[in-house]
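Colleague: Just dropping this structure here.
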Amino acid sequence: GTKQRGADMTETLRVYEGLYQAYDFFNARLWDGSLPPAMLTLQRARNAYGYFHNSKFVSKVTGAKMDEIALNPDTFDRADRETFSTLAHEMAHLWHQHNGKPSRNGYHNREWATEMKRIGLLPYNVKDPTKETGQACSHKIEDGGAFDRACAEFSESGASLEWLSALDLAAVAGGKGKKSKVKYECPECGSKAWAKPGANLMCGDCERHMEPEESDEDGEESEAA
């Protein structure tokens with residue numbers, strides 16, 4: 001009925017409003033508000049936390065174009081800090097598109113990697129972690145870096161991601177599909193530990209956040225360009 005549709009619309013608006021609040025917040029903190037508006041969408045993309053597409057949308061009225069940043073809701077079982085870092089990763093692609101010289105589609109080049117490090121996200125090639133560039137790249141969050149500080153401030157405001165994929169939640173609860181436990185590693189000393197997806201682990205020796213492994217049963221996951 002109309003009442004139920006209204007309730008559904010309210011929750012939909014809450015989800016997207018939260019994403020746009022995050023976009024505006026990180027735009028202000030990490031880029032001094034210089035990034036142009038982007039169309040934020042939720043898209044299930046196999047083996048990708050998110051992606052950026054230049055000029056993906058166009059207005060039928062004015063002809064104006066807008067970039068797309070998509071986030072994969074099937075990965076929202078991670079800690080919000082990790083999901084917001086994917087948003088910032090894609091925002092770095094948007095910055096690169098408008099302020100730098102992007103390489104061929106999907107390639108993470110040196111200019112992009114430099115911008116990532118400036119905002120406190122340490123890029124690496126998922127096939128060769130000794131490299132910072134390549135076709136498939138992910139990142140680690142720099143403890144105490146610009147993103148880490150901004151994310152802590154954003155979280156202190158009460159911001160959080162309430163909704164996630166029901167299939168993903170059921171798989172975690174049932175121990176099927178996604179792993180019920182994943183391996184975490186200290187980026188400083190290499191110590192490892194097992195915990196549930198999205199756990200917030202600290203290395204007692206190095207006092208560093210332990211990072212989850214970047215692969216699942218279907219292969220490497222990365223933030224795509």
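The chains in the structure tokens are called A, B, ... from first to last as shown; in each chain the residues are counted from 1, and the ligands are counted from 1 in the order shown.
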Just the residues within 9 Å of Thr133 (chain A), please, counting only C-alpha atoms, with nothing from its chain fewer than 4 positions along; format it as a ChimeraX atom specification.
Modeller: /A:107-110,112-113,123-125,137
Colleague: Write out as a PDB file with all heavy atoms, in the first residue's frame each polymer residue whose atoms come within 7 Å of Gly120 (chain A), counting only C-alpha atoms; drop sequence neighbours fewer than 5 positions from it.
Modeller:
```
ATOM      1  N   ILE A 141      44.775   1.565   5.119  1.00  0.00           N
ATOM      2  CA  ILE A 141      44.561   2.852   5.774  1.00  0.00           C
ATOM      3  C   ILE A 141      45.777   3.180   6.630  1.00  0.00           C
ATOM      4  O   ILE A 141      46.204   2.375   7.455  1.00  0.00           O
ATOM      5  CB  ILE A 141      43.300   2.818   6.650  1.00  0.00           C
ATOM      6  CG1 ILE A 141      42.070   2.504   5.792  1.00  0.00           C
ATOM      7  CG2 ILE A 141      43.121   4.135   7.396  1.00  0.00           C
ATOM      8  CD1 ILE A 141      40.816   2.234   6.589  1.00  0.00           C
ATOM      9  N   GLU A 142      46.347   4.356   6.423  1.00  0.00           N
ATOM     10  CA  GLU A 142      47.494   4.797   7.206  1.00  0.00           C
ATOM     11  C   GLU A 142      47.019   5.210   8.593  1.00  0.00           C
ATOM     12  O   GLU A 142      46.228   6.144   8.734  1.00  0.00           O
ATOM     13  CB  GLU A 142      48.185   5.971   6.517  1.00  0.00           C
ATOM     14  CG  GLU A 142      49.380   6.509   7.279  1.00  0.00           C
ATOM     15  CD  GLU A 142      49.976   7.748   6.649  1.00  0.00           C
ATOM     16  OE1 GLU A 142      49.385   8.292   5.686  1.00  0.00           O
ATOM     17  OE2 GLU A 142      51.033   8.200   7.122  1.00  0.00           O
ATOM     18  N   GLY A 145      46.795   8.892   9.639  1.00  0.00           N
ATOM     19  CA  GLY A 145      46.848   9.694   8.419  1.00  0.00           C
ATOM     20  C   GLY A 145      45.606  10.557   8.262  1.00  0.00           C
ATOM     21  O   GLY A 145      44.681  10.530   9.091  1.00  0.00           O
ATOM     22  N   ALA A 146      45.574  11.323   7.183  1.00  0.00           N
ATOM     23  CA  ALA A 146      44.484  12.276   6.977  1.00  0.00           C
ATOM     24  C   ALA A 146      43.121  11.585   6.939  1.00  0.00           C
ATOM     25  O   ALA A 146      42.169  12.036   7.584  1.00  0.00           O
ATOM     26  CB  ALA A 146      44.722  13.061   5.685  1.00  0.00           C
ATOM     27  N   PHE A 147      43.017  10.471   6.198  1.00  0.00           N
ATOM     28  CA  PHE A 147      41.728   9.780   6.152  1.00  0.00           C
ATOM     29  C   PHE A 147      41.364   9.212   7.505  1.00  0.00           C
ATOM     30  O   PHE A 147      40.206   9.316   7.940  1.00  0.00           O
ATOM     31  CB  PHE A 147      41.738   8.657   5.112  1.00  0.00           C
ATOM     32  CG  PHE A 147      40.495   7.802   5.207  1.00  0.00           C
ATOM     33  CD1 PHE A 147      39.318   8.211   4.625  1.00  0.00           C
ATOM     34  CD2 PHE A 147      40.503   6.606   5.935  1.00  0.00           C
ATOM     35  CE1 PHE A 147      38.155   7.448   4.745  1.00  0.00           C
ATOM     36  CE2 PHE A 147      39.357   5.847   6.067  1.00  0.00           C
ATOM     37  CZ  PHE A 147      38.189   6.269   5.461  1.00  0.00           C
ATOM     38  N   ASP A 148      42.299   8.595   8.173  1.00  0.00           N
ATOM     39  CA  ASP A 148      42.042   7.983   9.480  1.00  0.00           C
ATOM     40  C   ASP A 148      41.486   9.016  10.460  1.00  0.00           C
ATOM     41  O   ASP A 148      40.510   8.765  11.167  1.00  0.00           O
ATOM     42  CB  ASP A 148      43.330   7.361  10.014  1.00  0.00           C
ATOM     43  CG  ASP A 148      43.083   6.413  11.172  1.00  0.00           C
ATOM     44  OD1 ASP A 148      41.968   5.865  11.265  1.00  0.00           O
ATOM     45  OD2 ASP A 148      44.010   6.213  11.984  1.00  0.00           O
TER      46      ASP A 148
END
```
Colleague: Quick one: DSSP strand (DSSP E) residues in region 26-165 of chain A, as a ChimeraX atom specification?
Modeller: /A:38-42,48-58,65-71,121-125,137-141
Colleague: Using only C-alpha atoms, which residue out of A:Glu162, A:Asp205, A:Asp67, A:Glu188 lies closest to Thr41 (chain A)?
Modeller: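 Using only C-alpha atoms, Thr41 (chain A) sits closest to A:Asp67.
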Colleague: What does the structure give for the distance between CA of Phe76 (chain A) and CA of Glu223 (chain A), in Å to one decimal?
Modeller: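 Distance reported for this atom pair: 13.6 Å.
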Colleague: Can you work out the spacing between CA of Ile119 (chain A) and CA of Gln97 (chain A) in Å, to one decimal?
Modeller: 16.3 Å
Colleague: CA of Ser55 (chain A) to CA of Asp77 (chain A): how many Å, to one decimal?
Modeller: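 Going from CA of Ser55 (chain A) over to CA of Asp77 (chain A) covers 29.2 Å.
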Colleague: Could you check the closest approach to Cys189 (chain A) for each of A:Glu156, A:Glu68, A:Glu211, A:Asp80 and tell me which residue wins, using only C-alpha atoms?
Modeller: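 When distances to Cys189 (chain A) are compared using only C-alpha atoms, the smallest one comes from A:Glu211.
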Colleague: Using only C-alpha atoms, which of A:Leu71, A:Ala45, A:Met91, A:Met39 sits nearest Val58 (chain A)?
Modeller: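 Smallest separation from Val58 (chain A) among the options: A:Met39.
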Colleague: Write out as a PyMOL selection string all residues of region 6-149 of chain A that backbone DSSP assigns to helix (DSSP H, G or I).
Modeller: chain A and resi 6-31+73-75+80-99+110-118+146-149
Colleague: For Glu90 (chain A), which residue out of A:Lys131, A:Lys60, A:Arg78, A:His139 is the nearest one, using only C-alpha atoms?
Modeller: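 Of A:Lys131, A:Lys60, A:Arg78, A:His139, the one nearest Glu90 (chain A), counting only C-alpha atoms, is A:His139.
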Colleague: Between A:Ala88, A:Met66, A:Leu121, A:Ala159, which is the closest to Val15 (chain A) once you count only C-alpha atoms?
Modeller: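 Result for the nearest residue to Val15 (chain A): A:Ala159.
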Colleague: Pick out the residues sitting within 10 Å of Leu40 (chain A), and hand them over as a VMD selection string; count only C-alpha atoms, and ignore anything fewer than 6 positions along from it in its own chain.
Modeller: chain A and resid 16 to 17 19 to 20 23 52 67 to 71 87
Colleague: Take the residues from that selection and write them out as a PDB file, in the first residue's frame, keeping N, CA, C and O atoms.
Modeller:
```pdb
ATOM      1  N   TYR A  16      20.961   6.702   0.957  1.00  0.00           N
ATOM      2  CA  TYR A  16      21.682   7.563   0.024  1.00  0.00           C
ATOM      3  C   TYR A  16      22.064   8.895   0.658  1.00  0.00           C
ATOM      4  O   TYR A  16      23.125   9.452   0.350  1.00  0.00           O
ATOM      5  N   GLU A  17      21.225   9.397   1.556  1.00  0.00           N
ATOM      6  CA  GLU A  17      21.581  10.627   2.249  1.00  0.00           C
ATOM      7  C   GLU A  17      22.858  10.425   3.070  1.00  0.00           C
ATOM      8  O   GLU A  17      23.730  11.294   3.113  1.00  0.00           O
ATOM      9  N   LEU A  19      25.289   8.331   2.406  1.00  0.00           N
ATOM     10  CA  LEU A  19      26.432   8.264   1.490  1.00  0.00           C
ATOM     11  C   LEU A  19      26.834   9.657   1.024  1.00  0.00           C
ATOM     12  O   LEU A  19      28.025   9.985   0.927  1.00  0.00           O
ATOM     13  N   TYR A  20      25.846  10.502   0.721  1.00  0.00           N
ATOM     14  CA  TYR A  20      26.163  11.858   0.274  1.00  0.00           C
ATOM     15  C   TYR A  20      26.750  12.694   1.411  1.00  0.00           C
ATOM     16  O   TYR A  20      27.612  13.551   1.183  1.00  0.00           O
ATOM     17  N   TYR A  23      30.302  11.672   1.444  1.00  0.00           N
ATOM     18  CA  TYR A  23      31.006  12.269   0.309  1.00  0.00           C
ATOM     19  C   TYR A  23      31.339  13.725   0.602  1.00  0.00           C
ATOM     20  O   TYR A  23      32.483  14.174   0.418  1.00  0.00           O
ATOM     21  N   PHE A  52      34.802   3.785 -10.036  1.00  0.00           N
ATOM     22  CA  PHE A  52      34.557   5.140 -10.516  1.00  0.00           C
ATOM     23  C   PHE A  52      34.415   5.119 -12.029  1.00  0.00           C
ATOM     24  O   PHE A  52      35.196   4.458 -12.719  1.00  0.00           O
ATOM     25  N   ASP A  67      29.930  12.383 -13.005  1.00  0.00           N
ATOM     26  CA  ASP A  67      30.657  11.149 -12.753  1.00  0.00           C
ATOM     27  C   ASP A  67      29.872  10.247 -11.809  1.00  0.00           C
ATOM     28  O   ASP A  67      29.026  10.708 -11.034  1.00  0.00           O
ATOM     29  N   GLU A  68      30.178   8.951 -11.869  1.00  0.00           N
ATOM     30  CA  GLU A  68      29.542   7.973 -10.983  1.00  0.00           C
ATOM     31  C   GLU A  68      30.580   7.358 -10.049  1.00  0.00           C
ATOM     32  O   GLU A  68      31.671   6.975 -10.478  1.00  0.00           O
ATOM     33  N   ILE A  69      30.222   7.269  -8.776  1.00  0.00           N
ATOM     34  CA  ILE A  69      30.968   6.475  -7.810  1.00  0.00           C
ATOM     35  C   ILE A  69      30.015   5.413  -7.288  1.00  0.00           C
ATOM     36  O   ILE A  69      28.951   5.730  -6.740  1.00  0.00           O
ATOM     37  N   ALA A  70      30.365   4.155  -7.496  1.00  0.00           N
ATOM     38  CA  ALA A  70      29.516   3.048  -7.067  1.00  0.00           C
ATOM     39  C   ALA A  70      30.182   2.309  -5.915  1.00  0.00           C
ATOM     40  O   ALA A  70      31.398   2.104  -5.914  1.00  0.00           O
ATOM     41  N   LEU A  71      29.379   1.902  -4.944  1.00  0.00           N
ATOM     42  CA  LEU A  71      29.852   1.080  -3.830  1.00  0.00           C
ATOM     43  C   LEU A  71      29.089  -0.237  -3.856  1.00  0.00           C
ATOM     44  O   LEU A  71      27.899  -0.266  -4.166  1.00  0.00           O
ATOM     45  N   LEU A  87      35.085   4.555  -0.440  1.00  0.00           N
ATOM     46  CA  LEU A  87      34.523   5.792  -0.986  1.00  0.00           C
ATOM     47  C   LEU A  87      35.627   6.802  -1.262  1.00  0.00           C
ATOM     48  O   LEU A  87      35.682   7.405  -2.346  1.00  0.00           O
TER      49      LEU A  87
END
```
